[in-house]
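Notes follow once the structure below has been shown.
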Amino acid sequence: MGARALGLVRAVALVGPTGAGKTTLMEAMLAAAGGRAQRAGGGGAIGDTTPEARARGHSVELNVAGFDFLSDRYVLIDCPGAVDFAAEGDLALPAVDLAIVVAEPDPAKAILLQPLLKELERLHVPRLLFINKMDQARVPSADLLGALGAVSAAPVVSQQLPTWKGDHVTGVIDLPLERGYEYADGSATFAPADDLLAQEQSARFHMLEQLADFDDVLLEKLVSDEAPETDLIFADLVRELNEGVIVPVLFGEAAKGFGVERLLKAIRHDTGSPEASAERLGLGGPGAYVIKTTYAGQAGKLAFARILGGALADGAEVVLPDGERSRVGGLFSIQGGALKKIDKAQAGDVVALGKIEHAKAGQVLSLNGSARTASRAVAARPPVYGWAISAKVRNDDVRLSGALAKLIEEDPALSLSREAETHQTLLGGQSEAHLRLTLERLKRRFGVEVATASPATPYQETITGRISQHARHKKQTGGHGQFGDVTIEIQPLPRGSGFTFSQRITGGVVPRQWIPAVEQGVRDAMEKGPLGFPVVDVAVTLTDGGYHSVDSSEMAFRQAGRLAMDEGLRRCGSVLLEPIERLSIYVPSACTSGVTSLLSARRGQVLGFAPREGWSGWDTVEAFLPRAERYDLIGELRSLSQGLGSFEISFDHMAEVTGRTADDIVSRQRGEKAARSEAR
């Protein structure tokens, strides 16, 4: 069955913090446009249909739904607000025509919008603010607008003035039209009463002044005390919104439908064209920009994509960025969790493409035969939290690997790595909640359960003394025996130098062909020193030895080297080393003192802090922190920063651990070793 042809098809993202009511707004917009909808979380809701989303009571993946309104079609992309799952929307935002930033009417929560607004500014995506839950507003709109203005690089321009009765908002006055709307009856209009007139005129003039900053014609009219035409005002609002130089503000209450119809009219008149989005992406021709991939059971792999620059038919050939050619094996419209087969998708629509096996989110599938890439790159979020994982059932190892590969492709904020030093497989993500969600999906969708543990820290040890050590390996086995005799010098090296091996053999006391075996034996001993950890920053020199013409062998000298190093390390005075990372931590300035206290409590060394470049009201804190103290840092950091804190990590150096901390680490290591031995 084909898709019904309409006028423009425009894509609108709903973004904002958790709890702002994005999914409720999506349902309300669908209902106001005449579509089937139900309040978010209800049994028939379009959004948040997966068991994981419903269990949590908020979005954990993209929700996509479309509706027709006054001869045009709109596709809503509802993006998760929680920072744990926000990466779901990262690759969708570059392709939308407009982002509606949903916020609550609380000035204290305005700062929650800043990271999102910064990203939209970077991507040059037009954006407007919808202040939801106005029935809960308790502060004057001027206070709220001031707080919003502080977190937006572009001026926030209120198109409406909320009206109050006592301590409750009862409606709004549309400032361009100078017409009031009652929330209790959205169709009821009124002219501002005398007691509101001065306030309305002041708010309207302020709006016009903000628009005039980017329009000389309007500025001249204001200077001349000439009333501007309504058409000029609306034209400025549309142009300046789409140029990204202003952020319009509308008010409403999505759960009750208040202000939703006005929002629909705003996106109809104000939203830019799909051609503008294609130009912003640098498509240079017809293509499908992939916003997400998913594995949908029997349907196989699906690529959710926005079609730009031309229509796309089922069975059409597409070209991936690497030049690979593939054919669309199924075309589906998307309405929440429901997919419906169609034979053609219009330009501007967001649809699911089947059988494009190598498509990845963020790629452009070319429709004219020439491979292309999007110009607006979105970097994957680096992992800030991790678990060591293994299949609960050993036979599930292969299934686990395949299932994780699919989930990581669906969610670029996940990562999988193998820690060489600790021999652990690490699943990385954005938080504990993020990884728990991943394991739930593993079990529900792929039937694989995993065991988890905290990541082990790759401790090392080194020496403080210098000695000469002799060792002899002699063994009679009935035939040829084993004989190797070596003397080595062991001395410490500066931190970070690693390991060096040299020899000063004279007179052939250790035949040249067996010197590499001595080095290998030394390396064997260094895999686990007296404290139980790999040994580093050591220089070893082979100075003397002896051999037997019959019984000496490579194996004998390797064993002699190991014995000498084992004994020598015990006499050299071992010290424990731990990895120290450099962290750049980004938080609102009000949280900086809390961050420095948090780091100090975790044995961190604060190197300094300064205003974060390009971010008003934010700081960057630079610090050294032991890796062992960083594994669960993100939870506390987000707790003290309203979920806003983030950091970047790089390994810096190894540092000595002393005192009780070192004793505890060594004791724990020996206890774990004993437990493993008993288990065998």
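Labels for the structure tokens follow display order: chains A, B, ..., residues from 1 in each chain, ligands from 1.
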* To do: Please identify all polymer residues within 6 Å of Ala11 in chain A, counting only C-alpha atoms, omitting same-chain residues fewer than 6 positions from it, and present them as a PyMOL selection string.
  => chain A and resi 74-75+96-97
Just to be explicit: take each residue in the selection above, keep all heavy atoms, and write the result as a short mmCIF file (atom, residue, chain, number, x, y, z; two decimals), in the first residue's frame.
data_model
loop_
_atom_site.label_atom_id
_atom_site.label_comp_id
_atom_site.auth_asym_id
_atom_site.auth_seq_id
_atom_site.Cartn_x
_atom_site.Cartn_y
_atom_site.Cartn_z
N TYR A 74 3.73 16.02 9.12
CA TYR A 74 4.78 16.28 10.10
C TYR A 74 5.19 14.96 10.73
O TYR A 74 4.35 14.10 11.01
CB TYR A 74 4.28 17.25 11.18
CG TYR A 74 3.86 18.58 10.61
CD1 TYR A 74 2.57 18.77 10.11
CD2 TYR A 74 4.76 19.63 10.51
CE1 TYR A 74 2.19 19.97 9.54
CE2 TYR A 74 4.40 20.84 9.95
CZ TYR A 74 3.11 21.00 9.46
OH TYR A 74 2.75 22.20 8.90
N VAL A 75 6.49 14.82 10.95
CA VAL A 75 7.03 13.66 11.66
C VAL A 75 7.67 14.17 12.94
O VAL A 75 8.56 15.03 12.91
CB VAL A 75 8.07 12.91 10.81
CG1 VAL A 75 8.63 11.73 11.60
CG2 VAL A 75 7.47 12.44 9.50
N VAL A 96 16.69 17.24 11.36
CA VAL A 96 15.35 17.78 11.55
C VAL A 96 15.28 19.23 11.06
O VAL A 96 16.29 19.93 10.97
CB VAL A 96 14.90 17.69 13.02
CG1 VAL A 96 14.89 16.24 13.49
CG2 VAL A 96 15.77 18.55 13.93
N ASP A 97 14.06 19.66 10.77
CA ASP A 97 13.83 21.03 10.32
C ASP A 97 13.67 22.00 11.48
O ASP A 97 13.89 23.20 11.33
CB ASP A 97 12.58 21.09 9.44
CG ASP A 97 12.65 20.12 8.27
OD1 ASP A 97 13.72 20.05 7.63
OD2 ASP A 97 11.65 19.43 8.00
#
* Could you pull the residues within 8 Å of Val260 in chain A, counting only C-alpha atoms, minus those fewer than 5 positions along the same chain, as a list in words? ->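 That gives Leu25, Ala28, Met29, Ala32, Gly252, Glu253 and Ala254 of chain A.
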Any chance you could export the current selection's all heavy atoms as a compact mmCIF listing (two decimals), in the first residue's frame?
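Output file selection24.txt is given in full below:
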# COMPACT_ATOMS: atom_id res chain seq x y z
N LEU A 25 3.61 15.72 25.24
CA LEU A 25 3.38 16.72 24.21
C LEU A 25 3.20 16.06 22.85
O LEU A 25 2.33 16.48 22.06
CB LEU A 25 4.54 17.71 24.17
CG LEU A 25 4.45 18.80 23.09
CD1 LEU A 25 3.20 19.65 23.27
CD2 LEU A 25 5.70 19.67 23.10
N ALA A 28 -0.24 14.79 22.72
CA ALA A 28 -1.19 15.89 22.64
C ALA A 28 -1.22 16.48 21.23
O ALA A 28 -2.29 16.86 20.72
CB ALA A 28 -0.84 16.96 23.66
N MET A 29 -0.07 16.57 20.58
CA MET A 29 -0.03 17.10 19.22
C MET A 29 -0.73 16.16 18.25
O MET A 29 -1.44 16.60 17.34
CB MET A 29 1.42 17.34 18.80
CG MET A 29 2.11 18.45 19.60
SD MET A 29 3.89 18.59 19.28
CE MET A 29 3.88 19.36 17.66
N ALA A 32 -4.45 16.65 18.88
CA ALA A 32 -4.95 17.93 18.37
C ALA A 32 -5.03 17.94 16.85
O ALA A 32 -5.87 18.62 16.26
CB ALA A 32 -4.05 19.06 18.85
N GLY A 252 2.25 26.49 27.40
CA GLY A 252 1.10 25.60 27.34
C GLY A 252 1.11 24.55 28.43
O GLY A 252 1.95 24.56 29.34
N GLU A 253 0.16 23.65 28.33
CA GLU A 253 0.02 22.52 29.27
C GLU A 253 -0.39 21.31 28.44
O GLU A 253 -1.57 21.14 28.10
CB GLU A 253 -1.02 22.85 30.33
CG GLU A 253 -1.46 21.68 31.21
CD GLU A 253 -0.28 20.89 31.77
OE1 GLU A 253 0.56 21.47 32.47
OE2 GLU A 253 -0.22 19.69 31.48
N ALA A 254 0.60 20.50 28.06
CA ALA A 254 0.36 19.43 27.10
C ALA A 254 -0.64 18.41 27.61
O ALA A 254 -1.47 17.91 26.84
CB ALA A 254 1.68 18.74 26.76
* To do: Would you please give, as a VMD selection string, all residues of range 545-666 of chain A that DSSP assigns to helix (DSSP H, G or I) based on the backbone?
  => chain A and resid 554 to 571 589 to 601 627 to 630 633 to 640 659 to 666
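Distance-wise, CA of Leu302 in chain A and CA of Ala352 in chain A end up 5.9 Å apart.
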* For Leu76 in chain A, list every protein, DNA or RNA residue within 12 Å, evaluated using only C-alpha atoms, and leave out those in the same chain fewer than 2 positions away; present the list as JSON, numbers by chain. => {"A": [9, 10, 11, 12, 13, 14, 15, 22, 23, 25, 26, 27, 28, 29, 30, 46, 47, 62, 63, 64, 65, 66, 67, 68, 73, 74, 78, 79, 92, 93, 96, 97, 98, 99, 100, 264, 267, 306, 334, 335, 336, 348, 349, 350, 351]}
Could you please take those selected residues and save C-alpha atoms as a short mmCIF file (atom, residue, chain, number, x, y, z; two decimals), in the first residue's frame?
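This went into result.cif:
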data_model
loop_
_atom_site.label_atom_id
_atom_site.label_comp_id
_atom_site.auth_asym_id
_atom_site.auth_seq_id
_atom_site.Cartn_x
_atom_site.Cartn_y
_atom_site.Cartn_z
CA VAL A 9 6.76 16.71 4.92
CA ARG A 10 8.68 18.26 7.79
CA ALA A 11 10.52 16.65 10.69
CA VAL A 12 10.39 18.13 14.18
CA ALA A 13 12.42 16.92 17.17
CA LEU A 14 11.02 17.10 20.69
CA VAL A 15 13.91 17.53 23.11
CA LYS A 22 8.04 15.62 25.72
CA THR A 23 6.21 12.35 25.13
CA LEU A 25 3.38 16.72 24.21
CA MET A 26 3.81 14.34 21.28
CA GLU A 27 0.59 12.54 22.22
CA ALA A 28 -1.19 15.89 22.64
CA MET A 29 -0.03 17.10 19.22
CA LEU A 30 -1.21 13.89 17.57
CA ILE A 46 2.03 5.94 20.64
CA GLY A 47 5.25 6.75 22.51
CA LEU A 62 13.57 7.50 20.03
CA ASN A 63 9.81 7.65 19.48
CA VAL A 64 8.80 8.46 15.90
CA ALA A 65 5.24 9.30 14.88
CA GLY A 66 3.63 11.28 12.06
CA PHE A 67 0.44 13.23 11.55
CA ASP A 68 -1.29 15.34 8.89
CA ARG A 73 2.62 16.12 6.99
CA TYR A 74 4.78 16.28 10.10
CA ASP A 78 10.68 12.36 20.52
CA CYS A 79 14.21 12.15 21.99
CA ALA A 92 18.68 12.41 14.68
CA LEU A 93 19.07 16.12 15.45
CA VAL A 96 15.35 17.78 11.55
CA ASP A 97 13.83 21.03 10.32
CA LEU A 98 13.02 22.29 13.81
CA ALA A 99 13.69 21.33 17.42
CA ILE A 100 11.03 22.05 20.02
CA LEU A 264 0.85 23.24 15.75
CA ILE A 267 5.36 24.80 13.40
CA ARG A 306 14.95 10.78 6.67
CA ILE A 334 6.65 4.47 11.54
CA GLN A 335 4.00 5.24 14.13
CA GLY A 336 5.47 4.63 17.56
CA GLY A 348 11.10 14.88 3.95
CA ASP A 349 9.51 11.78 5.50
CA VAL A 350 11.12 9.55 8.14
CA VAL A 351 10.71 5.85 7.32
#
